[in-house]
Amino acid sequence: MKKLAFIKRSSGRHWVGDGFPVRGIFSYRDIAHDLSPFLLMDYAGPTDFPPTTSKLGVGQHPHRGFETVTIVYSGGVSHKDSSGGGGAIGPGDVQWMTAASGVLHEEFHSEEFARTGGAFEMIQLWVNLPSKDKMAEPNYQEIVRDQIPKVALKNNAGTARIIAGDYEGSHGAAKTYTAMNVWDMNLKEGHLISLDLPEGHTTALFVLKGKIRVDNHLVGSAELAVMERDNEKLEFDVLEESTVLLLNGEPINEPIVGHGPFVMNSKEEILTAIEDFNRGKFGTFNR
């Protein structure tokens, strides 16, 4: 049985641009090696926004060396990048952007959400790339809700949406560079959840709402339970109806050197990224 390694809580709230009030759960500056291949998690919301004609969000900025994954629970996000990717996603949808060798992109509230206002809640993950893929061609996957397999968990305990990875023959919608499972789970109160996961891989449970008990420790809203990598079986109790994001993946055992929006394997590669960005090598796009 997998044991709890530790519980990670938010390091505080901050704004990303003027549209995303987030709680930083973890980043490459603190526990990246413990969470590998996951580099960062920001949890935006839940927040209510009034209707507006303003364009709220974060303007054009660069990334290199990893992927960004945006999961929308309520509200809407629009995206545009210099590789030609772009679109608007709403509740249940996912954007999976591979920055790799470098892109410029921007993220704003979608026009539809800005017009109506309302509840806003999303998660953004940064997923590391192995060194051999850090300079791959950028790519963009827009994964709408209907493309994500939704499976019933055993004993009528709830459901899991398989964003990436596999669950008993159901294959996730996202294409990934390394082996990982990203499952968005809605769980019923009073059930024991039992999952078989690869031994040696990172495993963490992020609770958006509700309460679970993992290895006799309570984990509540906006808390991340990080498990030890030994053993295959993960079990936990659902104490309240809960929404839980499962992160599970094969660790990338390589150096992690980050500077702002760049995550590479050495300081020299970071300096090259900065130089390439300043020289305009990340491309351009019209707003």
# chains A, B, ... in the order shown; residues from 1 in each chain; ligands from 1
>>> closest_atom_pairs(of="stretch 46-138 of chain A", to="stretch 14-17 of chain A", cutoff="10 Å", atoms="only C-alpha atoms", output="JSON lines")
{"residue": "A:Leu56", "atom": "CA", "partner": "A:Gly17", "partner_atom": "CA", "distance": 7.7}
{"residue": "A:Gly57", "atom": "CA", "partner": "A:Gly17", "partner_atom": "CA", "distance": 5.3}
{"residue": "A:Val58", "atom": "CA", "partner": "A:Gly17", "partner_atom": "CA", "distance": 4.4}
{"residue": "A:Gly59", "atom": "CA", "partner": "A:Gly17", "partner_atom": "CA", "distance": 7.4}
{"residue": "A:Glu107", "atom": "CA", "partner": "A:Gly17", "partner_atom": "CA", "distance": 9.2}
{"residue": "A:Phe108", "atom": "CA", "partner": "A:Gly17", "partner_atom": "CA", "distance": 9.0}
>>> atom_distance(atom1="atom CA of A:Val72", atom2="atom CA of A:Pro46")
11.0 Å
>>> closest_residue(among="A:Ile256, A:Phe120, A:Lys175, A:Glu199", to="A:Asp30", atoms="only C-alpha atoms")
A:Ile256
>>> residues_around(residues="A:Gly200", least_positions_apart="2", cutoff="10 Å", atoms="only C-alpha atoms", output="list of chain:residue names")
A:Leu197, A:Pro198, A:Thr202, A:Thr203, A:Glu228, A:Arg229, A:Asp230, A:Asn231, A:Glu232, A:Gly249, A:Glu250, A:Pro251
>>> closest_residue(among="A:Thr53, A:Leu224, A:Pro149, A:Gln141", to="A:Gly86", atoms="only C-alpha atoms")
A:Gln141
